[in-house]
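The structure file data_19.cif is reproduced below (mmCIF, C-alpha atoms).
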data_final
loop_
_atom_site.label_atom_id
_atom_site.label_comp_id
_atom_site.auth_asym_id
_atom_site.auth_seq_id
_atom_site.Cartn_x
_atom_site.Cartn_y
_atom_site.Cartn_z
CA PHE A 1 54.09 236.56 18.68
CA LEU A 2 55.71 233.13 18.47
CA TRP A 3 54.98 232.87 14.73
CA ASN A 4 55.87 236.47 13.84
CA LYS A 5 59.54 235.48 13.87
CA VAL A 6 59.33 233.55 10.60
CA LYS A 7 58.11 234.56 7.14
CA PRO A 8 57.21 232.17 4.27
CA THR A 9 59.53 232.64 1.31
CA THR A 10 60.66 229.37 -0.28
CA PRO A 11 59.87 225.75 0.62
CA GLU A 12 63.53 225.08 1.40
CA ALA A 13 63.84 228.10 3.70
CA TRP A 14 60.56 227.21 5.43
CA ARG A 15 61.66 223.64 6.06
CA GLU A 16 64.83 224.89 7.73
CA ALA A 17 62.99 227.58 9.71
CA MET A 18 60.62 224.97 11.18
CA ARG A 19 63.38 222.98 12.88
CA PRO A 20 63.37 224.94 16.18
CA TYR A 21 59.57 225.12 16.17
CA ARG A 22 59.43 221.36 15.71
CA GLU A 23 61.76 220.87 18.68
CA GLN A 24 59.66 223.21 20.81
CA PHE A 25 56.45 221.39 19.87
CA TRP A 26 57.96 217.99 20.65
CA ASN A 27 59.79 218.90 23.85
CA GLU A 28 57.38 221.38 25.42
CA ALA A 29 53.85 220.68 24.12
CA ILE A 30 53.90 216.92 23.55
CA GLY A 31 56.79 215.67 25.65
CA ARG A 32 59.60 213.51 24.41
CA PHE A 33 60.80 209.98 25.09
CA ALA A 34 64.10 208.95 23.53
CA ALA A 35 63.30 205.92 21.38
CA GLY A 36 66.01 203.58 20.18
CA SER A 37 67.60 203.00 23.57
CA ILE A 38 66.98 199.26 23.22
CA PRO A 39 67.10 196.96 20.16
CA PRO A 40 63.72 196.62 18.40
CA ASN A 41 63.89 192.80 18.44
CA PRO A 42 61.28 192.44 15.65
CA ARG A 43 58.86 189.50 15.79
CA SER A 44 56.24 188.68 13.19
CA ARG A 45 53.72 186.06 12.20
CA LEU A 46 51.60 185.57 9.10
CA ILE A 47 47.92 186.11 9.91
CA TYR A 48 46.32 186.48 6.45
CA ASP A 49 47.43 185.11 3.10
CA GLN A 50 45.23 186.07 0.17
CA PRO A 51 45.84 185.70 -3.60
CA HIS A 52 46.91 189.33 -4.04
CA TRP A 53 48.22 190.35 -0.59
CA SER A 54 49.35 189.07 2.77
CA VAL A 55 49.32 190.47 6.32
CA HIS A 56 51.87 189.91 9.06
CA GLU A 57 51.38 190.94 12.67
CA VAL A 58 54.58 192.69 13.79
CA VAL A 59 55.84 193.47 17.31
CA LEU A 60 58.77 195.81 18.02
CA ASP A 61 60.41 196.79 21.30
CA VAL A 62 60.49 200.57 21.87
CA LEU A 63 61.46 201.32 25.49
CA PRO A 64 61.76 199.11 28.58
CA ASP A 65 58.28 197.55 29.03
CA VAL A 66 56.96 199.47 25.98
CA TYR A 67 56.42 197.86 22.59
CA ALA A 68 54.75 198.75 19.28
CA TRP A 69 52.62 196.37 17.27
CA GLY A 70 50.60 196.48 14.11
CA TYR A 71 49.66 194.83 10.82
CA PHE A 72 52.03 194.89 7.84
CA PHE A 73 50.15 194.56 4.53
CA LEU A 74 52.25 193.46 1.58
CA PRO A 75 50.91 193.31 -1.99
CA LYS A 76 52.02 190.32 -4.00
CA GLY A 77 53.80 190.63 -7.32
CA ILE A 78 56.50 193.05 -6.20
CA LYS A 79 59.46 192.60 -8.54
CA PRO A 80 62.96 191.79 -7.23
CA GLY A 81 64.67 195.03 -6.26
CA GLU A 82 61.46 197.07 -6.56
CA LYS A 83 60.68 199.49 -3.72
CA ARG A 84 57.12 200.61 -3.09
CA PRO A 85 55.61 203.57 -1.19
CA VAL A 86 54.07 202.87 2.22
CA VAL A 87 50.90 204.29 3.74
CA VAL A 88 50.71 204.15 7.54
CA VAL A 89 46.96 203.95 8.30
CA GLN A 90 45.98 204.91 11.83
CA HIS A 91 42.77 203.81 13.52
CA GLY A 92 40.77 206.03 15.85
CA GLY A 93 39.75 205.99 19.51
CA GLY A 94 39.21 202.58 21.04
CA GLY A 95 40.23 200.92 17.79
CA VAL A 96 42.66 198.18 16.82
CA PRO A 97 44.48 197.44 13.54
CA ALA A 98 41.87 194.86 12.52
CA ASP A 99 39.27 197.65 12.29
CA VAL A 100 40.95 199.26 9.27
CA MET A 101 40.65 196.07 7.21
CA THR A 102 37.32 194.53 8.21
CA GLU A 103 34.76 194.18 5.42
CA ASP A 104 31.92 193.23 7.76
CA LYS A 105 29.42 195.93 6.84
CA ASN A 106 27.55 195.42 10.12
CA SER A 107 30.61 196.32 12.20
CA SER A 108 31.56 199.72 13.58
CA GLY A 109 35.00 199.18 12.06
CA TYR A 110 33.62 199.13 8.54
CA ARG A 111 31.27 202.05 9.22
CA TYR A 112 34.23 204.27 10.12
CA TYR A 113 37.12 202.92 8.04
CA LYS A 114 35.55 201.35 4.94
CA ALA A 115 38.41 198.77 4.91
CA PHE A 116 40.72 201.49 3.59
CA ALA A 117 43.83 199.46 4.43
CA LEU A 118 42.68 196.77 1.99
CA ARG A 119 41.66 199.30 -0.66
CA LEU A 120 45.17 200.77 -0.51
CA VAL A 121 47.03 197.46 -0.64
CA GLU A 122 44.83 196.46 -3.60
CA ARG A 123 46.17 199.59 -5.34
CA GLY A 124 49.70 198.31 -4.84
CA PHE A 125 50.71 200.36 -1.80
CA ILE A 126 52.47 198.68 1.10
CA VAL A 127 50.42 199.44 4.23
CA PHE A 128 51.26 199.43 7.93
CA ALA A 129 48.45 199.71 10.50
CA PRO A 130 49.91 200.36 13.96
CA HIS A 131 48.03 200.05 17.23
CA MET A 132 47.75 203.36 19.05
CA LEU A 133 47.11 203.91 22.76
CA ASN A 134 43.86 205.84 23.12
CA GLY A 135 40.52 205.76 24.86
CA GLY A 136 38.64 202.50 24.76
CA GLN A 137 37.21 200.44 27.59
CA ASP A 138 40.44 198.82 28.79
CA ARG A 139 40.42 199.44 32.55
CA VAL A 140 42.75 199.01 35.53
CA TYR A 141 41.33 199.36 39.05
CA GLY A 142 38.13 200.70 37.50
CA GLN A 143 39.90 203.50 35.59
CA PRO A 144 40.70 203.61 31.86
CA ARG A 145 44.26 202.37 31.40
CA THR A 146 45.20 205.32 29.18
CA LEU A 147 43.88 207.78 31.80
CA LEU A 148 46.32 206.30 34.31
CA LEU A 149 49.14 206.43 31.75
CA GLN A 150 48.28 210.02 30.87
CA ARG A 151 48.37 211.10 34.53
CA LYS A 152 51.70 209.39 35.07
CA ALA A 153 53.09 210.87 31.85
CA ASN A 154 51.91 214.39 32.73
CA SER A 155 53.74 214.22 36.04
CA ILE A 156 57.06 214.01 34.16
CA GLY A 157 56.19 216.46 31.36
CA ARG A 158 54.98 213.84 28.89
CA THR A 159 51.68 212.77 27.31
CA ILE A 160 50.19 209.65 25.75
CA THR A 161 51.32 211.07 22.41
CA SER A 162 54.91 211.02 23.69
CA ILE A 163 54.63 207.22 23.76
CA THR A 164 52.94 207.10 20.35
CA ILE A 165 55.73 209.10 18.74
CA ALA A 166 58.42 206.92 20.32
CA GLN A 167 56.61 203.90 18.89
CA GLU A 168 56.38 205.55 15.47
CA VAL A 169 60.12 206.24 15.41
CA VAL A 170 60.83 202.53 15.85
CA ILE A 171 58.15 201.58 13.29
CA LEU A 172 59.68 203.92 10.70
CA ASP A 173 63.15 202.55 11.44
CA TRP A 174 61.86 199.01 10.92
CA LEU A 175 59.97 199.87 7.74
CA ALA A 176 63.14 201.40 6.30
CA THR A 177 64.88 198.01 6.66
CA ARG A 178 62.27 196.19 4.55
CA PRO A 179 63.72 195.41 1.09
CA THR A 180 60.44 196.31 -0.64
CA VAL A 181 59.98 199.69 1.10
CA ASP A 182 61.06 203.06 -0.25
CA PRO A 183 61.85 204.97 2.98
CA GLY A 184 61.54 208.28 1.14
CA ARG A 185 57.88 207.60 0.29
CA ILE A 186 56.15 206.86 3.60
CA ALA A 187 52.78 208.58 4.10
CA PHE A 188 50.52 208.86 7.15
CA TYR A 189 46.71 208.70 6.90
CA GLY A 190 44.62 208.66 10.07
CA LEU A 191 40.97 209.02 11.05
CA SER A 192 39.58 210.63 14.23
CA TYR A 193 42.16 209.91 16.96
CA GLY A 194 44.25 208.73 14.05
CA GLY A 195 43.68 212.17 12.54
CA LYS A 196 45.12 213.69 15.70
CA ALA A 197 48.16 211.49 15.13
CA ALA A 198 48.26 212.63 11.48
CA MET A 199 48.71 216.20 12.73
CA ARG A 200 51.21 215.55 15.47
CA ILE A 201 53.44 212.70 14.28
CA PRO A 202 54.35 214.12 10.82
CA ALA A 203 54.71 217.58 12.39
CA ILE A 204 57.48 216.14 14.57
CA LEU A 205 58.94 213.38 12.36
CA ASP A 206 59.94 215.09 9.12
CA ARG A 207 60.91 211.84 7.40
CA ILE A 208 57.19 211.18 6.86
CA ALA A 209 56.67 212.32 3.28
CA LEU A 210 52.97 213.16 3.34
CA SER A 211 50.08 213.45 5.81
CA ILE A 212 46.29 213.14 5.54
CA CYS A 213 44.08 214.15 8.47
CA SER A 214 40.59 212.63 8.26
CA ALA A 215 37.61 213.35 10.53
CA ASP A 216 39.59 215.42 13.02
CA PHE A 217 40.99 218.66 11.55
CA ASN A 218 39.58 221.59 13.51
CA GLU A 219 40.12 224.93 15.14
CA TRP A 220 41.65 223.00 18.00
CA ILE A 221 41.57 225.66 20.71
CA TRP A 222 37.85 226.31 20.25
CA LYS A 223 37.24 222.58 20.17
CA ASN A 224 38.95 222.15 23.54
CA VAL A 225 37.55 225.07 25.52
CA THR A 226 34.21 226.27 24.14
CA THR A 227 31.04 225.62 26.15
CA ASP A 228 28.81 226.56 23.19
CA PHE A 229 29.27 223.37 21.15
CA LYS A 230 27.95 219.98 22.21
CA SER A 231 31.01 218.14 20.85
CA SER A 232 33.46 220.35 22.75
CA MET A 233 36.09 218.39 24.67
CA ILE A 234 34.65 220.07 27.79
CA TYR A 235 31.70 217.67 27.54
CA THR A 236 33.51 214.46 26.58
CA SER A 237 35.65 211.89 28.35
CA ASN A 238 38.62 212.58 26.06
CA TYR A 239 40.92 213.26 28.99
CA ASP A 240 44.04 212.47 26.98
CA VAL A 241 43.77 215.23 24.36
CA MET A 242 45.14 218.05 26.49
CA GLU A 243 48.70 219.18 25.77
CA PHE A 244 50.94 221.70 27.48
CA ASN A 245 50.37 225.39 26.55
CA LEU A 246 48.93 224.49 23.17
CA GLY A 247 46.54 227.44 23.23
CA SER A 248 49.29 230.00 22.77
CA THR A 249 51.59 227.97 20.54
CA PHE A 250 50.25 225.30 18.14
CA SER A 251 46.70 224.85 16.90
CA TYR A 252 46.07 222.75 13.81
CA ALA A 253 47.16 225.36 11.28
CA GLU A 254 50.48 225.64 13.11
CA MET A 255 50.91 221.85 13.21
CA ALA A 256 50.29 221.87 9.45
CA ALA A 257 52.93 224.59 9.19
CA LEU A 258 55.40 222.14 10.76
CA ILE A 259 54.42 219.58 8.11
CA ALA A 260 54.92 222.09 5.28
CA PRO A 261 56.30 222.09 2.65
CA ARG A 262 55.45 218.38 2.50
CA PRO A 263 52.06 217.41 0.98
CA PHE A 264 49.17 217.78 3.43
CA MET A 265 45.45 217.03 2.99
CA VAL A 266 42.25 217.25 5.06
CA GLU A 267 39.26 214.93 4.59
CA ARG A 268 36.00 216.30 6.02
CA GLY A 269 32.44 214.92 6.03
CA HIS A 270 29.70 217.54 6.15
CA TYR A 271 27.82 215.51 8.78
CA ASP A 272 30.83 214.79 10.98
CA THR A 273 29.89 216.01 14.46
CA VAL A 274 33.48 216.36 15.70
CA GLY A 275 33.36 219.91 14.34
CA LEU A 276 31.63 222.37 12.07
CA ASP A 277 32.43 222.96 8.40
CA GLU A 278 32.91 226.64 9.24
CA TRP A 279 35.51 225.86 11.93
CA VAL A 280 37.36 223.48 9.65
CA ALA A 281 37.31 225.96 6.76
CA PHE A 282 38.51 228.80 9.02
CA GLU A 283 41.51 226.80 10.21
CA TYR A 284 42.34 225.26 6.84
CA ALA A 285 42.29 228.70 5.15
CA LYS A 286 45.44 229.54 7.11
CA VAL A 287 47.10 226.37 5.83
CA ASN A 288 46.07 227.11 2.25
CA ARG A 289 47.44 230.64 2.56
CA LEU A 290 50.79 229.37 3.84
CA TYR A 291 51.23 226.91 0.96
CA GLY A 292 50.21 229.68 -1.44
CA LYS A 293 52.84 232.04 -0.04
CA LEU A 294 55.39 229.23 -0.40
CA ARG A 295 54.35 229.04 -4.09
CA ILE A 296 53.29 225.40 -3.74
CA PRO A 297 49.46 225.63 -3.56
CA GLN A 298 49.12 222.32 -5.42
CA VAL A 299 50.69 220.44 -2.49
CA THR A 300 47.77 220.92 -0.10
CA GLU A 301 44.07 220.07 -0.48
CA ILE A 302 40.85 219.74 1.45
CA GLU A 303 38.02 217.47 0.33
CA TYR A 304 34.51 217.87 1.70
CA PHE A 305 32.06 215.04 1.11
CA VAL A 306 28.43 214.41 1.97
CA GLY A 307 28.93 211.93 4.77
CA PRO A 308 29.61 211.32 8.46
CA HIS A 309 32.66 210.61 10.62
CA SER A 310 34.35 208.15 8.27
CA ILE A 311 36.96 207.54 5.61
CA HIS A 312 35.77 208.70 2.18
CA GLY A 313 38.78 207.50 0.19
CA VAL A 314 38.26 209.37 -3.07
CA GLY A 315 40.30 212.56 -3.25
CA THR A 316 42.68 211.24 -0.61
CA PHE A 317 43.55 208.17 -2.68
CA LYS A 318 44.25 210.38 -5.69
CA PHE A 319 46.41 212.59 -3.45
CA LEU A 320 48.44 209.57 -2.31
CA HIS A 321 48.97 208.33 -5.86
CA ARG A 322 50.03 211.74 -7.10
CA HIS A 323 52.39 212.77 -4.32
CA LEU A 324 53.88 209.31 -3.68
CA ASN A 325 54.46 208.91 -7.40
CA TRP A 326 52.59 205.63 -7.64
#
Written as structure tokens, that's how I'd like the structure from this file.
Amino acid sequence: FLWNKVKPTTPEAWREAMRPYREQFWNEAIGRFAAGSIPPNPRSRLIYDQPHWSVHEVVLDVLPDVYAWGYFFLPKGIKPGEKRPVVVVQHGGGGVPADVMTEDKNSSGYRYYKAFALRLVERGFIVFAPHMLNGGQDRVYGQPRTLLLQRKANSIGRTITSITIAQEVVILDWLATRPTVDPGRIAFYGLSYGGKAAMRIPAILDRIALSICSADFNEWIWKNVTTDFKSSMIYTSNYDVMEFNLGSTFSYAEMAALIAPRPFMVERGHYDTVGLDEWVAFEYAKVNRLYGKLRIPQVTEIEYFVGPHSIHGVGTFKFLHRHLNW
């Protein structure tokens, strides 16, 4: 009944109607930290300098004892006064920013990400690859560090994603200060855990112009609770994916509804074991119907490809070029 209160008419009316839903999602399902309470105090250092692009490692303060860091990829040859679109590329579980740029074909990083940060900066996009708290083998007192953070966060009505969103707010603020960045053309493209971020962060932060969810889009309630699918969260150690009352409020189609009417795309490999094509198609059909009712069907897409849990980078790259006007 939550969603019966709003009807799709025009993109402008839908954007306005989503404001209270966005607040509910942020405050009640995800949990909210107020970023910006301390100065960001940006620090950076050059870590790669190639003929056509460079990479700086950037650190920004977010909250007391909480900071954000990531890699800032800048193509060379930007003209004075020119402002380029930015693609925020988000790694998956247990990953780090270096994974999205490695070209070592024997590495797990390349197997999943296909160096898509480099492929995008080679196309002239500015790229930012933030580090995201998630999974991994980092342990404290024998327990995964993020499990301890999740338990602490849950006790005060927050989640790990609450921290991620606070970090993203500061990252977006910093990007907007860069003289080469067009703050109105910042996209988000994430794989796996990064795909989870691509659903939640743009759903909450409406200044992100476009979102691409890769290797994660699903019928999220089934994915969390079913005992009939071997990749159900019931059988995994993904303790930090649970959010408050999501089952009766916001699955992935509803998160996409919060992103609408902005451009939204799903990238799905047929052999990706995080879900089933039928589940993905079932959930995406609701998104496609919404954009159709808003009379903007061209603003959403899904691309299936014959492949596993990885970046494909074909239709998604075309989508970025088209909707970021680059």
Grab all the atoms of range 53-61 of chain A that the file lists, wrap them in a box along x, y and z, add 3 Å per side, and give me centre plus edge lengths in Å (one decimal) as lines of an AutoDock Vina configuration file.
center_x = 54.3
center_y = 192.9
center_z = 10.4
size_x = 18.2
size_y = 13.7
size_z = 27.9
Residues within 8 Å of Pro183 in chain A, please, as a count of residues only. Count all atoms listed in the file; anything in the same chain fewer than 4 positions from it doesn't count.
3
Once the PyMOL selection byres ((chain A and resi 249) around 10) is applied to the coordinates I shared, what remains selected? I want it as a ChimeraX atom specification.
/A:1-3,21,24-25,29,244-248,250-251,254-255
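Coordinates place CA of Gln90 in chain A at a distance of 6.4 Å from CA of Pro130 in chain A.
Going from CA of Arg262 in chain A to CA of Met18 in chain A covers 12.1 Å.
Pairwise distance (CA of Ile163 in chain A, CA of Val86 in chain A) equals 22.0 Å.
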Mind telling me what the PyMOL selection byres ((chain A and resi 308-318) around 8) catches here, as a PyMOL selection string?
chain A and resi 111-114+116+120+191-192+212+214-215+265+267+269-274+303+305-307+319-322
Please, could you write that set of residues out with C-alpha atoms as a short mmCIF file (atom, residue, chain, number, x, y, z; two decimals), keeping the file's coordinate frame?
data_model
loop_
_atom_site.label_atom_id
_atom_site.label_comp_id
_atom_site.auth_asym_id
_atom_site.auth_seq_id
_atom_site.Cartn_x
_atom_site.Cartn_y
_atom_site.Cartn_z
CA ARG A 111 31.27 202.05 9.22
CA TYR A 112 34.23 204.27 10.12
CA TYR A 113 37.12 202.92 8.04
CA LYS A 114 35.55 201.35 4.94
CA PHE A 116 40.72 201.49 3.59
CA LEU A 120 45.17 200.77 -0.51
CA LEU A 191 40.97 209.02 11.05
CA SER A 192 39.58 210.63 14.23
CA ILE A 212 46.29 213.14 5.54
CA SER A 214 40.59 212.63 8.26
CA ALA A 215 37.61 213.35 10.53
CA MET A 265 45.45 217.03 2.99
CA GLU A 267 39.26 214.93 4.59
CA GLY A 269 32.44 214.92 6.03
CA HIS A 270 29.70 217.54 6.15
CA TYR A 271 27.82 215.51 8.78
CA ASP A 272 30.83 214.79 10.98
CA THR A 273 29.89 216.01 14.46
CA VAL A 274 33.48 216.36 15.70
CA GLU A 303 38.02 217.47 0.33
CA PHE A 305 32.06 215.04 1.11
CA VAL A 306 28.43 214.41 1.97
CA GLY A 307 28.93 211.93 4.77
CA PHE A 319 46.41 212.59 -3.45
CA LEU A 320 48.44 209.57 -2.31
CA HIS A 321 48.97 208.33 -5.86
CA ARG A 322 50.03 211.74 -7.10
#
